[in-house]
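Q: Mind looking over this structure? Questions follow.
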Amino acid sequence: MSLLTVENLSVSFPTPKGRVNVVDGVSFEVGQERLGIVGESGSGKSMTGRAILRLIRPPGRVEGRMTFKGQDLGALSERQMRQVRGARISMIMQDPRYSLNPVMTVGAQIAEALRTHERLPRREVKARVRDMLEAVKINDPDRVARMYAHELSGGMGQRVMIAMMLIPRPRLLIADEPTSALDVSVQGDVLALINDLVGGSTINPDGMGLILISHDLPLVARYCDRILVMNSGRVVETCDAKDLHKATHPYTRGLLAAVPKMHELRDELPVMERTT
Ligand SMILES: Nc1ncnc2c1ncn2[C@@H]1O[C@H](COP(=O)(O)OP(=O)(O)OP(=O)(O)O)[C@@H](O)[C@H]1O
């Protein structure tokens with residue numbers, strides 16, 4: 001069943017030459033599955049994700065219709081939309097450390113988020129914070145709970161953000177380049193974690209849908225069920241990840257042709273030390 005339906009979405013901004021559509025007539029559906037949105041820088045991937053959550057501010061203009069579980073997101077008040085963003089559709093961004101409160105410990109932030117969403121007896125808070133950190137595979141959770149954002153590695157910070165994002169048990173996760181600010185050595189671990197959580201775990205037994213936004217085609221092909229390829233604001237190809245090799249659009253074929261070169265480049269990179 002479809003969770004989110006996007007119909008004819010356009011996002012435009014004023015330029016000296018008039019309004020320009022940076023997202024242009026994009027339509028897709030996503031259910032409890034992993035949908036990858038891929039394309040080069042500037043193709044409109046992030047604007048699509050932000051438009052779904054109504055995060056585009058004027059002078060940006062959004063047109064089209066988006067429904068989440070049948071509810072028209074455009075018809076919601078700003079207060080109702082905040083509830084959707086807080087609880088039903090979550091988003092994780094590139095560098096998690098900027099999203100964490102710098103003057104609160106990790107444990108205090110997770111505890112605060114837990115108490116916002118459920119009545120929790122004081123004596124259970126510490127154990128629940130530990131459960132959340134363990135669920136995102138943080139080693140030594142009690143020590144990490146006492147740390148501040150600046151003391152975390154990028155990978156740890158992203159795991160902490162993922163734990164916080166899961167507290168309200170969202171039905172859909174939008175992950176916009178969630179690993180591009182991380183060391184190559186931990187990128188796969190964080191994506192594998194997101195992948196596991198999408199399927200369901202002790203802290204979110206029902207699982208959730210995923211929209212993974214990335215410029216990295218092999219990465220999206222590896223972690224997603226379906227792929228939507230964007231170019232200049234438009235969807236040029238939609239296919240199952242397993243059928244990517246059969247893609248017909250010249251732009252997708254161009255991205256595919258670049259893949260072996262990317263692998264060669266990666267093989268030349270020095271292996272970095274693990275930081276998580
Ligand atoms: N405030 C703005 N005013 C005008 N144009 C904007 C504004 N914000 C973004 N854009 C343009 O919208 C286009 C799409 O941006 P978007 O961030 O969605 O691209 P992207 O595919 O996610 O690329 P990247 O991976 O580099 O973030 C870009 O060409 C960008 O320059």
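As shown in the structure tokens, the chain order sets the letters A, B, ...; within each chain, residues go from 1, and ligands are also counted from 1 in the order they appear.
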Per residue of chain A within 6 Å of ligand 1, what are the shortest atom pair and its distance in Å to one decimal, counting only C-alpha atoms and all ligand atoms, with rows by chain and residue number, as JSON lines?
A:
{"residue": "A:Phe13", "atom": "CA", "partner": "ligand 1", "partner_atom_place_in_ligand_line": "4 (C)", "distance": 4.9}
{"residue": "A:Val22", "atom": "CA", "partner": "ligand 1", "partner_atom_place_in_ligand_line": "12 (O)", "distance": 4.7}
{"residue": "A:Glu40", "atom": "CA", "partner": "ligand 1", "partner_atom_place_in_ligand_line": "21 (O)", "distance": 5.9}
{"residue": "A:Ser41", "atom": "CA", "partner": "ligand 1", "partner_atom_place_in_ligand_line": "23 (O)", "distance": 3.5}
{"residue": "A:Gly42", "atom": "CA", "partner": "ligand 1", "partner_atom_place_in_ligand_line": "19 (O)", "distance": 3.4}
{"residue": "A:Ser43", "atom": "CA", "partner": "ligand 1", "partner_atom_place_in_ligand_line": "21 (O)", "distance": 3.7}
{"residue": "A:Gly44", "atom": "CA", "partner": "ligand 1", "partner_atom_place_in_ligand_line": "18 (O)", "distance": 3.2}
{"residue": "A:Lys45", "atom": "CA", "partner": "ligand 1", "partner_atom_place_in_ligand_line": "21 (O)", "distance": 4.0}
{"residue": "A:Ser46", "atom": "CA", "partner": "ligand 1", "partner_atom_place_in_ligand_line": "22 (O)", "distance": 3.6}
{"residue": "A:Met47", "atom": "CA", "partner": "ligand 1", "partner_atom_place_in_ligand_line": "18 (O)", "distance": 3.7}
Q: Among segment 11-194 of chain A, which residues does DSSP mark as strand (DSSP E or B) when it is run on the backbone? Keep the chain and numbering as in the structure and answer as a ChimeraX atom specification.
A: /A:11-15,18-31,34-38,61-68,71-72,89-92,172-176
Q: Keeping N, CA and C atoms for every residue in the selection just given, could you write it to a file as a compact mmCIF listing (two decimals), in the first residue's frame?
A:
# COMPACT_ATOMS: atom_id res chain seq x y z
N VAL A 11 8.76 22.81 -8.05
CA VAL A 11 9.30 23.82 -7.14
C VAL A 11 10.00 24.85 -8.00
N SER A 12 9.66 26.12 -7.80
CA SER A 12 10.30 27.16 -8.62
C SER A 12 10.88 28.25 -7.74
N PHE A 13 11.88 28.92 -8.28
CA PHE A 13 12.49 30.07 -7.61
C PHE A 13 12.60 31.21 -8.62
N PRO A 14 12.50 32.46 -8.13
CA PRO A 14 12.67 33.59 -9.04
C PRO A 14 14.15 33.75 -9.40
N THR A 15 14.42 34.05 -10.64
CA THR A 15 15.78 34.37 -11.07
C THR A 15 15.69 35.66 -11.89
N GLY A 18 13.35 35.36 -14.69
CA GLY A 18 11.99 34.88 -14.40
C GLY A 18 12.03 33.64 -13.53
N ARG A 19 10.84 33.10 -13.26
CA ARG A 19 10.78 31.91 -12.39
C ARG A 19 11.34 30.69 -13.10
N VAL A 20 12.14 29.93 -12.36
CA VAL A 20 12.70 28.71 -12.95
C VAL A 20 12.28 27.52 -12.10
N ASN A 21 11.79 26.48 -12.77
CA ASN A 21 11.42 25.25 -12.06
C ASN A 21 12.66 24.43 -11.78
N VAL A 22 12.98 24.25 -10.50
CA VAL A 22 14.12 23.37 -10.16
C VAL A 22 13.63 21.94 -9.94
N VAL A 23 12.33 21.80 -9.69
CA VAL A 23 11.65 20.50 -9.74
C VAL A 23 10.47 20.71 -10.68
N ASP A 24 10.29 19.79 -11.64
CA ASP A 24 9.39 20.09 -12.73
C ASP A 24 8.46 18.91 -13.04
N GLY A 25 7.28 18.90 -12.42
CA GLY A 25 6.28 17.87 -12.75
C GLY A 25 6.66 16.47 -12.29
N VAL A 26 7.16 16.37 -11.07
CA VAL A 26 7.61 15.06 -10.56
C VAL A 26 6.44 14.31 -9.91
N SER A 27 6.24 13.05 -10.29
CA SER A 27 5.20 12.21 -9.69
C SER A 27 5.81 10.86 -9.31
N PHE A 28 5.47 10.38 -8.14
CA PHE A 28 5.86 9.02 -7.73
C PHE A 28 5.07 8.62 -6.50
N GLU A 29 5.14 7.34 -6.19
CA GLU A 29 4.53 6.82 -4.97
C GLU A 29 5.58 6.05 -4.20
N VAL A 30 5.44 6.03 -2.88
CA VAL A 30 6.32 5.16 -2.11
C VAL A 30 5.51 4.50 -1.00
N GLY A 31 5.69 3.19 -0.89
CA GLY A 31 5.02 2.43 0.16
C GLY A 31 6.05 1.99 1.19
N ARG A 34 11.97 0.68 -0.15
CA ARG A 34 13.12 1.59 -0.17
C ARG A 34 13.21 2.20 -1.58
N LEU A 35 12.90 3.49 -1.65
CA LEU A 35 12.95 4.18 -2.94
C LEU A 35 14.19 5.08 -2.97
N GLY A 36 15.00 4.93 -3.99
CA GLY A 36 16.18 5.78 -4.13
C GLY A 36 15.91 6.89 -5.12
N ILE A 37 16.27 8.14 -4.78
CA ILE A 37 16.20 9.23 -5.76
C ILE A 37 17.64 9.61 -6.07
N VAL A 38 18.00 9.46 -7.33
CA VAL A 38 19.40 9.65 -7.71
C VAL A 38 19.50 10.64 -8.86
N ARG A 61 8.43 28.47 -4.55
CA ARG A 61 7.00 28.19 -4.68
C ARG A 61 6.82 26.70 -5.03
N VAL A 62 5.87 26.07 -4.35
CA VAL A 62 5.63 24.64 -4.57
C VAL A 62 4.25 24.45 -5.18
N GLU A 63 4.17 23.65 -6.21
CA GLU A 63 2.86 23.29 -6.80
C GLU A 63 2.78 21.77 -6.90
N GLY A 64 1.54 21.27 -6.94
CA GLY A 64 1.35 19.83 -7.02
C GLY A 64 0.66 19.34 -5.78
N ARG A 65 0.44 18.02 -5.75
CA ARG A 65 -0.33 17.46 -4.62
C ARG A 65 0.46 16.33 -3.99
N MET A 66 0.52 16.38 -2.65
CA MET A 66 1.20 15.31 -1.94
C MET A 66 0.27 14.77 -0.87
N THR A 67 0.08 13.46 -0.87
CA THR A 67 -0.76 12.87 0.17
C THR A 67 0.04 11.82 0.93
N PHE A 68 -0.17 11.83 2.25
CA PHE A 68 0.49 10.85 3.11
C PHE A 68 -0.61 10.03 3.78
N GLN A 71 -3.90 11.52 3.36
CA GLN A 71 -4.12 12.87 3.87
C GLN A 71 -3.37 13.88 3.00
N ASP A 72 -4.10 14.90 2.54
CA ASP A 72 -3.50 15.91 1.67
C ASP A 72 -2.57 16.81 2.49
N ILE A 89 6.68 11.47 9.32
CA ILE A 89 7.72 11.43 8.28
C ILE A 89 8.96 12.09 8.90
N SER A 90 10.05 11.36 8.99
CA SER A 90 11.28 11.94 9.55
C SER A 90 12.29 12.16 8.45
N MET A 91 13.20 13.08 8.70
CA MET A 91 14.23 13.36 7.70
C MET A 91 15.59 13.35 8.39
N ILE A 92 16.57 12.69 7.79
CA ILE A 92 17.93 12.84 8.30
C ILE A 92 18.80 13.46 7.22
N LEU A 172 7.69 6.86 7.59
CA LEU A 172 8.50 7.10 6.40
C LEU A 172 9.75 7.90 6.80
N LEU A 173 10.89 7.48 6.29
CA LEU A 173 12.14 8.19 6.55
C LEU A 173 12.67 8.76 5.23
N ILE A 174 12.97 10.06 5.23
CA ILE A 174 13.64 10.66 4.07
C ILE A 174 15.09 10.90 4.49
N ALA A 175 16.00 10.22 3.85
CA ALA A 175 17.43 10.34 4.20
C ALA A 175 18.13 11.03 3.03
N ASP A 176 18.53 12.29 3.25
CA ASP A 176 19.14 13.09 2.18
C ASP A 176 20.67 13.03 2.31
Q: Find the residues near segment 218-226 of chain A: any atom within 12 Å, counting only C-alpha atoms, skip ones fewer than 3 places away on the same chain, and give them as a ChimeraX atom specification.
A: /A:28-39,175-180,187-196,198-199,209-215,229,237-245,252,255-263
Q: Which is closer to Met104 of chain A than all the others in A:Val6, A:Met230, A:Arg146, A:Ile162, using only C-alpha atoms?
A: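 That would be A:Arg146, the residue with the smallest distance to Met104 of chain A.
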Q: In Å, rounded to a single decimal, give me how far atom CA of Gln83 of chain A is from atom CA of Gly49 of chain A.
A: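 Distance reported for this atom pair: 17.0 Å.
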Q: Using only C-alpha atoms, which residues sit within 8 Å of segment 126-136 of chain A once same-chain residues fewer than 5 positions away are excluded, as number ranges by chain?
A: A: 107, 110-111, 141-142, 145, 159-160, 162-163, 193, 201-203
Q: Print the selection's residues with N, CA and C atoms to a file, as a PDB file, in the first residue's frame.
A:
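After the write, selection.pdb holds the following:
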ATOM      1  N   GLY A 107      22.610  11.787  26.029  1.00  0.00           N
ATOM      2  CA  GLY A 107      21.604  11.103  26.848  1.00  0.00           C
ATOM      3  C   GLY A 107      20.450  12.030  27.189  1.00  0.00           C
ATOM      4  N   ILE A 110      18.207  12.515  24.123  1.00  0.00           N
ATOM      5  CA  ILE A 110      17.354  11.349  23.833  1.00  0.00           C
ATOM      6  C   ILE A 110      16.255  11.256  24.893  1.00  0.00           C
ATOM      7  N   ALA A 111      16.616  11.507  26.157  1.00  0.00           N
ATOM      8  CA  ALA A 111      15.620  11.444  27.242  1.00  0.00           C
ATOM      9  C   ALA A 111      14.518  12.469  26.997  1.00  0.00           C
ATOM     10  N   PRO A 141      27.061   2.367  25.381  1.00  0.00           N
ATOM     11  CA  PRO A 141      26.034   3.418  25.341  1.00  0.00           C
ATOM     12  C   PRO A 141      26.039   4.347  26.555  1.00  0.00           C
ATOM     13  N   ASP A 142      26.398   3.836  27.738  1.00  0.00           N
ATOM     14  CA  ASP A 142      26.368   4.711  28.924  1.00  0.00           C
ATOM     15  C   ASP A 142      27.414   5.821  28.791  1.00  0.00           C
ATOM     16  N   ALA A 145      26.199   8.322  26.145  1.00  0.00           N
ATOM     17  CA  ALA A 145      25.091   9.144  26.661  1.00  0.00           C
ATOM     18  C   ALA A 145      25.612  10.362  27.422  1.00  0.00           C
ATOM     19  N   ARG A 159      24.347   7.980  14.001  1.00  0.00           N
ATOM     20  CA  ARG A 159      23.601   6.935  14.735  1.00  0.00           C
ATOM     21  C   ARG A 159      22.721   7.545  15.810  1.00  0.00           C
ATOM     22  N   VAL A 160      23.260   8.558  16.521  1.00  0.00           N
ATOM     23  CA  VAL A 160      22.471   9.224  17.577  1.00  0.00           C
ATOM     24  C   VAL A 160      21.250   9.907  16.945  1.00  0.00           C
ATOM     25  N   ILE A 162      19.760   9.090  14.222  1.00  0.00           N
ATOM     26  CA  ILE A 162      18.824   8.052  13.770  1.00  0.00           C
ATOM     27  C   ILE A 162      18.015   7.548  14.969  1.00  0.00           C
ATOM     28  N   ALA A 163      18.679   7.381  16.129  1.00  0.00           N
ATOM     29  CA  ALA A 163      17.959   6.942  17.336  1.00  0.00           C
ATOM     30  C   ALA A 163      16.875   7.962  17.696  1.00  0.00           C
ATOM     31  N   LEU A 193      22.713   0.042   8.775  1.00  0.00           N
ATOM     32  CA  LEU A 193      21.845   0.271   9.941  1.00  0.00           C
ATOM     33  C   LEU A 193      20.479   0.792   9.484  1.00  0.00           C
ATOM     34  N   SER A 201      12.790  -3.287  13.731  1.00  0.00           N
ATOM     35  CA  SER A 201      13.713  -3.736  14.786  1.00  0.00           C
ATOM     36  C   SER A 201      12.973  -3.618  16.119  1.00  0.00           C
ATOM     37  N   THR A 202      13.668  -3.896  17.209  1.00  0.00           N
ATOM     38  CA  THR A 202      12.981  -3.873  18.517  1.00  0.00           C
ATOM     39  C   THR A 202      12.374  -2.507  18.809  1.00  0.00           C
ATOM     40  N   ILE A 203      13.055  -1.421  18.384  1.00  0.00           N
ATOM     41  CA  ILE A 203      12.527  -0.100  18.731  1.00  0.00           C
ATOM     42  C   ILE A 203      11.528   0.435  17.697  1.00  0.00           C
TER      43      ILE A 203
END
Q: Just to confirm, what's the straight-line distance from atom CA of Leu53 of chain A to atom CA of Val103 of chain A in Å (one decimal)?
A: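 Calculated distance between atom CA of Leu53 of chain A and atom CA of Val103 of chain A is 27.3 Å.
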Q: So which bits of segment 101-209 of chain A end up alpha helix (DSSP H) when you DSSP the backbone, as a ChimeraX atom specification?
A: /A:106-117,122-135,141-145,154-166,184-199
Q: Can you work out the spacing between atom CA of Arg119 of chain A and atom CA of Pro168 of chain A in Å, to one decimal?
A: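 Separation of atom CA of Arg119 of chain A and atom CA of Pro168 of chain A: 12.6 Å.
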Q: In terms of the shortest atom-to-atom distance over only C-alpha atoms, which of A:Gln94, A:Pro59, A:Arg54, A:Val106 is closest to Arg79 of chain A?
A: A:Arg54
